[in-house]
Amino acid sequence: PHFLEVRLDRQPKAVLVDGHQMRGGQFFPDAELNFARNLLPREDDEPALFFRCEDQELTIWSWRRLAAEVSVLAQALAAAGISAGDRVGALLPNRPEAVAAFLATASLGAIWTSCSPDFGLDGLVQRFGQTAPKLLFASDGFRTIGKERACTDKLAELARQIPRLAKIVVLPVLTERVDISAVPGAVGWEDFCGNFAARPLEFAPQPFNHPIAIVYSSGTTGVPKCIVHGAGGTLLQHKKEHQLHCDIRPGDRVFYQTTCAWMMWNWLVSALASGASLVLYDGSPHFPHKASLFDLIDECGITHFGASAKYLDACRKYKIEPLRTHRLTSLRCILSTGSPLAPDSFDYVYQSIKPDVHLASISGGSDILSCFVLGDPSAPVRRGEIQTPGLGMAVDVFDEAGRPLRGAAGELVCTRPFPSMPVAFWGEGGAEKYRAAYFEKNQGVWTHGDLAEIRPSGGIVIYGRSDAMLNPGGVRIGTAEIYAQVERIEEVIESLAVGLKRGGDEDIVLFVTLKEGAVLDAALTKKIKDEIRKNLTVNHVPAMIVAAPELPRTKSGKLVELAVRDVLNGKAVKNTSSLANPQSLDFFAEVSRRLTSGG
């Protein structure tokens, strides 16, 4: 806390209590702080937030304006009966008002929980229905690929299905104002705040582990888990990652392509605590043209640019060359997460974006609201590897017998307590769900669910989710190994590999989406198989390759291998509401029927 300049209201007497047990360890149990106070380290006229929605004009909020907006919203929340421990929900685009609402909630000690406006009703009810927010911040709609979509019907139904939801504060973002009178408990944003004026900020001190946010698992294997994170552990972990692993400094400008539904939004907002400005973007990353986000780097002076691995690979496939078309003089670091970053994408960044940038592939998750493995600005970047475990994180890789493993793929684990472990899982049976999620496989050791390898260099490779691991002929294969080879092929946009059970064995079935005009004929099938066989092994070669119109993904853009595997093997998908495109599963169901009938 001292090195990172964490602002405490009560100094700690102990660093870690019961540190010998993974689940029972508590960091700084007698310390007190307020999360929002730490994210508002200044109040001046320098930019704090930059915001653009697709092709609309850039908006800039100063630190002074951000503090004023937080003050007004905090007063309005308190007047609405919100106090420490209450849940405040959000259904907002990634824009300045969302940041202000989060900080206002945190200033009172209330608990933030957010989704994004593009979620379907069932997905929202599954999440907010469990956490039961007392108040919801929501937008009247959202914008994507130049089109506007209203949310008022969804808000009305959401209010009816969650009785505890007493008030919905609606932010107008659509070009034309919409009538919100049919939404139970709805009040306009300005009406909610209109009776209050900015005044010096007040922050309610809370225990170090007081809940700051509830985030949700993807929900692809059932009802989403509600993961509760503590203020102090989240703050410490984020400041460590930002300042030491990413070299974020006061005055830097940090961007991450995310929605308010992804844990990377929480990670991004915390950069305020390091005195950095945030660059927020809402909408499609490739609209109005394929290189739109690189325009934003030059326009806003972005120093740290974050995106998904799939975004960087798409830019490579689109042949975008910012090195030739943009200045990028401010850019020092490119961050990538969401899925493993393929070796070819490392090449692309250094050859086509910027040769002297720090490329940091990072990996963690909503489970820890931070990272297990990430970048090191003082060390070499090695193609295809994540640079280092997080400082203070006892990261290891175990074999199937629970023994440390080097030079081969195994389970990513953490063997000692760390500050950003979840405080709890929300709801009935939360303690048992928490234990089952991380501690069932290796007793007393956090088992994260990723298939990983620690290389002789000390670098880490993530091969994908261990529960999606392929096992043809008893050989353990990570799906990311296959994707790295297939997606370098010009005709292929994206791929997804799953195991099809055949008696006591398993065949690999590879689904690919293709560029417009490309056809999966015998020549392309052979080309794909030859590329895999040449660079991996014969065991990696799929028994079958199928062209798919689209691949299923979560709201945050991650491919859903388990859903396809279940459909292909004749099992029901437990929760399609978690998918951004559930209709895509119809194609895989038809493939399954053809295979079953011998077609």
# chains A, B, ... in the order shown; residues from 1 in each chain; ligands from 1

call {"tool": "select_by_dssp", "arguments": {"residues": "stretch 78-150 of chain A", "states": "strand (DSSP E or B)", "output": "list in words"}}
result
Arg87, Val88, Gly89, Ala90, Leu91, Ile111, Trp112, Thr113, Ser114, Cys115, Leu135, Leu136, Phe137, Ala138, Ser139, Gly141, Phe142, Arg143, Thr144, Lys147, Glu148, Arg149 and Ala150 of chain A

call {"tool": "write_last_selection", "arguments": {"atoms": "C-alpha atoms", "output": "PDB file, in the first residue's frame"}}
result
ATOM      1  CA  ARG A  87     -26.438  -3.218  -4.894  1.00  0.00           C
ATOM      2  CA  VAL A  88     -26.542  -0.664  -7.698  1.00  0.00           C
ATOM      3  CA  GLY A  89     -26.926  -2.105 -11.184  1.00  0.00           C
ATOM      4  CA  ALA A  90     -25.902  -0.610 -14.511  1.00  0.00           C
ATOM      5  CA  LEU A  91     -26.996  -1.263 -18.057  1.00  0.00           C
ATOM      6  CA  ILE A 111     -21.840  -2.508  -4.534  1.00  0.00           C
ATOM      7  CA  TRP A 112     -21.668  -2.022  -8.309  1.00  0.00           C
ATOM      8  CA  THR A 113     -22.805  -4.669 -10.790  1.00  0.00           C
ATOM      9  CA  SER A 114     -23.035  -4.023 -14.517  1.00  0.00           C
ATOM     10  CA  CYS A 115     -23.988  -5.518 -17.866  1.00  0.00           C
ATOM     11  CA  LEU A 135     -31.472   0.917  -8.307  1.00  0.00           C
ATOM     12  CA  LEU A 136     -30.446   0.552 -11.925  1.00  0.00           C
ATOM     13  CA  PHE A 137     -28.609   3.042 -14.118  1.00  0.00           C
ATOM     14  CA  ALA A 138     -29.586   2.349 -17.729  1.00  0.00           C
ATOM     15  CA  SER A 139     -29.446   3.951 -21.151  1.00  0.00           C
ATOM     16  CA  GLY A 141     -30.596   2.445 -26.090  1.00  0.00           C
ATOM     17  CA  PHE A 142     -27.224   1.817 -27.695  1.00  0.00           C
ATOM     18  CA  ARG A 143     -25.431   2.245 -30.992  1.00  0.00           C
ATOM     19  CA  THR A 144     -23.546  -0.315 -33.068  1.00  0.00           C
ATOM     20  CA  LYS A 147     -27.467   1.852 -36.084  1.00  0.00           C
ATOM     21  CA  GLU A 148     -29.370   2.815 -32.950  1.00  0.00           C
ATOM     22  CA  ARG A 149     -31.413   0.338 -30.927  1.00  0.00           C
ATOM     23  CA  ALA A 150     -33.866   1.254 -28.161  1.00  0.00           C
TER      24      ALA A 150
END

call {"tool": "residues_around", "arguments": {"residues": "A:Arg7", "least_positions_apart": "4", "cutoff": "12 Å", "atoms": "only C-alpha atoms", "output": "list in words"}}
result
Pro1, His2, Phe3, Gln11, Pro12, Ala31, Glu32, Leu33, Asn34, Phe35, Ala36, Arg37, Asn38, Leu39, Leu40, Pro41, Phe203, Pro205, Phe208, Gly232, Leu235, Leu236, Lys239, Ala273 and Ser274 of chain A

call {"tool": "atom_distance", "arguments": {"atom1": "atom CA of A:Leu341", "atom2": "atom CA of A:Lys515"}}
result
20.6 Å

call {"tool": "residues_around", "arguments": {"residues": "stretch 369-385 of chain A", "least_positions_apart": "5", "cutoff": "9 Å", "atoms": "only C-alpha atoms", "output": "ChimeraX atom specification"}}
result
/A:215,229,234,237-238,241,244-247,263-264,266-267,333,335,340-347,358-364,390-391,393-395,414,420-422,455,457,459-462

call {"tool": "select_by_dssp", "arguments": {"residues": "stretch 161-252 of chain A", "states": "alpha helix (DSSP H)", "output": "PyMOL selection string"}}
result
chain A and resi 161+189-193+231-240

call {"tool": "closest_residue", "arguments": {"among": "A:Lys13, A:Lys240, A:Arg127, A:Lys526", "to": "A:Ser577", "atoms": "only C-alpha atoms"}}
result
A:Arg127

call {"tool": "residues_around", "arguments": {"residues": "A:Tyr483", "least_positions_apart": "2", "cutoff": "10 Å", "atoms": "only C-alpha atoms", "output": "list in words"}}
result
Pro340, Ala342, Tyr463, Gly478, Thr479, Ala480, Glu481, Gln485, Val486, Glu487, Arg488, Glu494, Ser495, Leu496, Ala497, Leu510, Val512 and Ile532 of chain A

call {"tool": "write_last_selection", "arguments": {"atoms": "all heavy atoms", "output": "CSV table (one decimal), in the first residue's frame"}}
result
chain,number,residue,atom,x,y,z
A,340,PRO,N,-5.9,-16.6,-26.2
A,340,PRO,CA,-4.5,-16.6,-26.4
A,340,PRO,C,-4.1,-15.8,-27.7
A,340,PRO,O,-4.7,-15.9,-28.7
A,340,PRO,CB,-4.1,-18.0,-26.6
A,340,PRO,CG,-5.2,-18.8,-25.8
A,340,PRO,CD,-6.4,-17.9,-26.0
A,342,ALA,N,-2.0,-15.3,-30.8
A,342,ALA,CA,-1.3,-16.2,-31.7
A,342,ALA,C,0.1,-15.6,-32.0
A,342,ALA,O,0.3,-14.4,-32.1
A,342,ALA,CB,-2.1,-16.5,-32.9
A,463,TYR,N,-3.0,-22.3,-23.6
A,463,TYR,CA,-3.5,-23.1,-24.7
A,463,TYR,C,-5.0,-23.2,-24.8
A,463,TYR,O,-5.6,-23.9,-25.6
A,463,TYR,CB,-3.0,-24.5,-24.6
A,463,TYR,CG,-1.5,-24.7,-24.8
A,463,TYR,CD1,-0.6,-25.0,-23.8
A,463,TYR,CD2,-0.9,-24.4,-26.1
A,463,TYR,CE1,0.7,-25.1,-24.0
A,463,TYR,CE2,0.4,-24.5,-26.3
A,463,TYR,CZ,1.3,-24.9,-25.2
A,463,TYR,OH,2.6,-25.0,-25.4
A,478,GLY,N,-4.3,-28.5,-26.5
A,478,GLY,CA,-5.0,-27.2,-26.3
A,478,GLY,C,-5.5,-26.7,-27.6
A,478,GLY,O,-4.8,-26.7,-28.6
A,479,THR,N,-6.7,-26.1,-27.6
A,479,THR,CA,-7.3,-25.7,-28.9
A,479,THR,C,-6.5,-24.5,-29.5
A,479,THR,O,-6.5,-24.3,-30.7
A,479,THR,CB,-8.7,-25.2,-28.6
A,479,THR,OG1,-8.8,-24.3,-27.5
A,479,THR,CG2,-9.6,-26.4,-28.3
A,480,ALA,N,-5.9,-23.7,-28.6
A,480,ALA,CA,-5.2,-22.5,-29.1
A,480,ALA,C,-4.0,-22.9,-30.0
A,480,ALA,O,-3.6,-22.1,-30.9
A,480,ALA,CB,-4.6,-21.6,-28.0
A,481,GLU,N,-3.4,-24.1,-29.8
A,481,GLU,CA,-2.3,-24.5,-30.7
A,481,GLU,C,-2.8,-24.7,-32.1
A,481,GLU,O,-2.2,-24.3,-33.1
A,481,GLU,CB,-1.8,-25.9,-30.2
A,481,GLU,CG,-1.1,-25.9,-28.9
A,481,GLU,CD,-0.7,-27.3,-28.5
A,481,GLU,OE1,-1.5,-28.1,-27.9
A,481,GLU,OE2,0.5,-27.6,-28.8
A,485,GLN,N,-2.3,-22.1,-36.0
A,485,GLN,CA,-1.9,-22.6,-37.3
A,485,GLN,C,-3.0,-22.3,-38.4
A,485,GLN,O,-2.7,-21.8,-39.5
A,485,GLN,CB,-1.6,-24.1,-37.3
A,485,GLN,CG,-0.5,-24.5,-36.3
A,485,GLN,CD,0.8,-23.7,-36.4
A,485,GLN,OE1,1.2,-23.4,-37.6
A,485,GLN,NE2,1.4,-23.3,-35.3
A,486,VAL,N,-4.2,-22.6,-38.0
A,486,VAL,CA,-5.3,-22.5,-39.0
A,486,VAL,C,-5.5,-21.0,-39.4
A,486,VAL,O,-5.7,-20.7,-40.6
A,486,VAL,CB,-6.6,-23.1,-38.4
A,486,VAL,CG1,-7.8,-22.9,-39.4
A,486,VAL,CG2,-6.4,-24.6,-38.2
A,487,GLU,N,-5.5,-20.1,-38.4
A,487,GLU,CA,-5.9,-18.7,-38.7
A,487,GLU,C,-4.8,-17.9,-39.4
A,487,GLU,O,-5.0,-16.7,-39.7
A,487,GLU,CB,-6.4,-18.1,-37.4
A,487,GLU,CG,-7.7,-18.7,-37.0
A,487,GLU,CD,-8.2,-18.3,-35.6
A,487,GLU,OE1,-7.7,-17.2,-35.1
A,487,GLU,OE2,-9.1,-19.0,-35.0
A,488,ARG,N,-3.7,-18.5,-39.6
A,488,ARG,CA,-2.7,-17.8,-40.4
A,488,ARG,C,-2.9,-18.1,-41.9
A,488,ARG,O,-2.3,-17.4,-42.8
A,488,ARG,CB,-1.3,-18.4,-40.1
A,488,ARG,CG,-1.0,-19.8,-40.5
A,488,ARG,CD,0.2,-20.4,-39.7
A,488,ARG,NE,1.4,-19.6,-39.8
A,488,ARG,CZ,2.5,-19.9,-39.1
A,488,ARG,NH1,2.6,-20.9,-38.4
A,488,ARG,NH2,3.5,-19.1,-39.3
A,494,GLU,N,-11.7,-17.3,-38.9
A,494,GLU,CA,-11.7,-17.8,-37.5
A,494,GLU,C,-11.9,-19.3,-37.5
A,494,GLU,O,-12.5,-19.9,-38.5
A,494,GLU,CB,-12.8,-17.1,-36.8
A,494,GLU,CG,-12.6,-16.9,-35.3
A,494,GLU,CD,-13.6,-15.9,-34.7
A,494,GLU,OE1,-14.8,-15.8,-35.3
A,494,GLU,OE2,-13.3,-15.2,-33.8
A,495,SER,N,-11.6,-19.9,-36.4
A,495,SER,CA,-11.8,-21.4,-36.3
A,495,SER,C,-12.1,-21.8,-34.9
A,495,SER,O,-11.9,-21.0,-33.9
A,495,SER,CB,-10.5,-22.1,-36.7
A,495,SER,OG,-9.4,-21.7,-35.9
A,496,LEU,N,-12.7,-23.0,-34.8
A,496,LEU,CA,-13.1,-23.5,-33.5
A,496,LEU,C,-13.1,-25.0,-33.5
A,496,LEU,O,-13.6,-25.6,-34.4
A,496,LEU,CB,-14.6,-23.0,-33.1
A,496,LEU,CG,-15.1,-23.4,-31.7
A,496,LEU,CD1,-16.1,-22.3,-31.3
A,496,LEU,CD2,-15.8,-24.8,-31.8
A,497,ALA,N,-12.3,-25.6,-32.6
A,497,ALA,CA,-12.1,-27.1,-32.6
A,497,ALA,C,-12.8,-27.7,-31.4
A,497,ALA,O,-12.6,-27.2,-30.2
A,497,ALA,CB,-10.6,-27.4,-32.6
A,510,LEU,N,-13.0,-29.6,-36.7
A,510,LEU,CA,-12.6,-28.2,-36.8
A,510,LEU,C,-13.6,-27.5,-37.7
A,510,LEU,O,-13.9,-27.8,-38.8
A,510,LEU,CB,-11.2,-28.1,-37.5
A,510,LEU,CG,-10.7,-26.7,-37.7
A,510,LEU,CD1,-10.4,-26.0,-36.4
A,510,LEU,CD2,-9.5,-26.7,-38.6
A,512,VAL,N,-14.6,-23.8,-39.4
A,512,VAL,CA,-13.9,-22.6,-39.8
A,512,VAL,C,-14.9,-21.6,-40.5
A,512,VAL,O,-15.9,-22.1,-41.1
A,512,VAL,CB,-12.8,-22.9,-40.9
A,512,VAL,CG1,-11.7,-23.7,-40.2
A,512,VAL,CG2,-13.4,-23.6,-42.1
A,532,ILE,N,-1.3,-27.8,-40.2
A,532,ILE,CA,-1.4,-28.3,-38.8
A,532,ILE,C,-0.4,-29.4,-38.7
A,532,ILE,O,0.4,-29.4,-37.7
A,532,ILE,CB,-2.8,-28.8,-38.5
A,532,ILE,CG1,-3.8,-27.6,-38.5
A,532,ILE,CG2,-2.8,-29.5,-37.1
A,532,ILE,CD1,-5.2,-28.1,-38.4

call {"tool": "residues_around", "arguments": {"residues": "stretch 309-326 of chain A", "least_positions_apart": "2", "cutoff": "6 Å", "atoms": "only C-alpha atoms", "output": "ChimeraX atom specification"}}
result
/A:328,336-337,339,341,345,352-354

call {"tool": "write_last_selection", "arguments": {"atoms": "N, CA and C atoms", "output": "mmCIF file, in the first residue's frame"}}
result
data_model
loop_
_atom_site.group_PDB
_atom_site.id
_atom_site.type_symbol
_atom_site.label_atom_id
_atom_site.label_comp_id
_atom_site.auth_asym_id
_atom_site.auth_seq_id
_atom_site.Cartn_x
_atom_site.Cartn_y
_atom_site.Cartn_z
ATOM 1 N N LEU A 328 1.093 7.380 -34.398
ATOM 2 C CA LEU A 328 1.244 6.513 -33.227
ATOM 3 C C LEU A 328 2.441 6.898 -32.353
ATOM 4 N N SER A 336 -3.222 -7.196 -24.874
ATOM 5 C CA SER A 336 -4.130 -8.133 -25.530
ATOM 6 C C SER A 336 -4.599 -9.179 -24.542
ATOM 7 N N THR A 337 -5.904 -9.469 -24.555
ATOM 8 C CA THR A 337 -6.446 -10.555 -23.735
ATOM 9 C C THR A 337 -7.753 -11.031 -24.356
ATOM 10 N N SER A 339 -8.413 -14.113 -25.284
ATOM 11 C CA SER A 339 -8.046 -15.437 -25.769
ATOM 12 C C SER A 339 -6.548 -15.405 -26.020
ATOM 13 N N LEU A 341 -3.011 -14.979 -27.563
ATOM 14 C CA LEU A 341 -2.519 -14.202 -28.699
ATOM 15 C C LEU A 341 -1.610 -15.091 -29.533
ATOM 16 N N SER A 345 0.212 -12.984 -34.558
ATOM 17 C CA SER A 345 -0.225 -11.653 -34.138
ATOM 18 C C SER A 345 0.916 -10.871 -33.494
ATOM 19 N N SER A 352 3.613 -4.354 -38.477
ATOM 20 C CA SER A 352 2.608 -3.519 -39.122
ATOM 21 C C SER A 352 2.044 -2.412 -38.242
ATOM 22 N N ILE A 353 2.295 -2.464 -36.931
ATOM 23 C CA ILE A 353 1.768 -1.404 -36.053
ATOM 24 C C ILE A 353 2.904 -0.517 -35.551
ATOM 25 N N LYS A 354 3.810 -1.078 -34.732
ATOM 26 C CA LYS A 354 4.914 -0.257 -34.220
ATOM 27 C C LYS A 354 6.042 -1.175 -33.753
#

call {"tool": "residues_around", "arguments": {"residues": "A:Gly570", "least_positions_apart": "3", "cutoff": "9 Å", "atoms": "only C-alpha atoms", "output": "PDB file with C-alpha atoms, in the first residue's frame"}}
result
ATOM      1  CA  ARG A 565     -18.967 -29.567 -28.193  1.00  0.00           C
ATOM      2  CA  ASP A 566     -22.189 -30.289 -26.320  1.00  0.00           C
ATOM      3  CA  VAL A 567     -24.401 -29.743 -29.371  1.00  0.00           C
ATOM      4  CA  ALA A 589     -27.207 -29.096 -34.302  1.00  0.00           C
ATOM      5  CA  SER A 592     -24.774 -33.355 -35.344  1.00  0.00           C
ATOM      6  CA  ARG A 593     -27.950 -34.775 -36.905  1.00  0.00           C
ATOM      7  CA  THR A 596     -25.712 -39.317 -36.247  1.00  0.00           C
TER       8      THR A 596
END

call {"tool": "residues_around", "arguments": {"residues": "A:Thr303", "least_positions_apart": "6", "cutoff": "9 Å", "atoms": "only C-alpha atoms", "output": "list of chain:residue names"}}
result
A:Ile248, A:Asp252, A:Arg253, A:Val254, A:Phe255, A:Ile297, A:Leu328, A:Thr329, A:Ser330, A:Leu331, A:Arg332, A:Cys333, A:Ile334

call {"tool": "write_last_selection", "arguments": {"atoms": "C-alpha atoms", "output": "PDB file, in the first residue's frame"}}
result
ATOM      1  CA  ILE A 248       1.249   3.449 -16.500  1.00  0.00           C
ATOM      2  CA  ASP A 252      -0.781   8.673 -19.537  1.00  0.00           C
ATOM      3  CA  ARG A 253      -3.866   7.914 -21.605  1.00  0.00           C
ATOM      4  CA  VAL A 254      -5.192   4.383 -21.349  1.00  0.00           C
ATOM      5  CA  PHE A 255      -7.627   2.694 -23.725  1.00  0.00           C
ATOM      6  CA  ILE A 297      -4.692   6.657 -30.770  1.00  0.00           C
ATOM      7  CA  LEU A 328       1.244   6.513 -33.227  1.00  0.00           C
ATOM      8  CA  THR A 329       3.980   8.613 -31.603  1.00  0.00           C
ATOM      9  CA  SER A 330       2.321   8.465 -28.156  1.00  0.00           C
ATOM     10  CA  LEU A 331       1.852   4.679 -28.143  1.00  0.00           C
ATOM     11  CA  ARG A 332       4.133   2.778 -25.717  1.00  0.00           C
ATOM     12  CA  CYS A 333       2.172  -0.385 -24.900  1.00  0.00           C
ATOM     13  CA  ILE A 334      -0.295  -2.693 -26.664  1.00  0.00           C
TER      14      ILE A 334
END

call {"tool": "closest_residue", "arguments": {"among": "A:Val413, A:Ile145, A:Ile386, A:Ala437", "to": "A:Gly458", "atoms": "only C-alpha atoms"}}
result
A:Ile386

call {"tool": "atom_distance", "arguments": {"atom1": "atom CA of A:Gln21", "atom2": "atom CA of A:Pro207"}}
result
21.0 Å
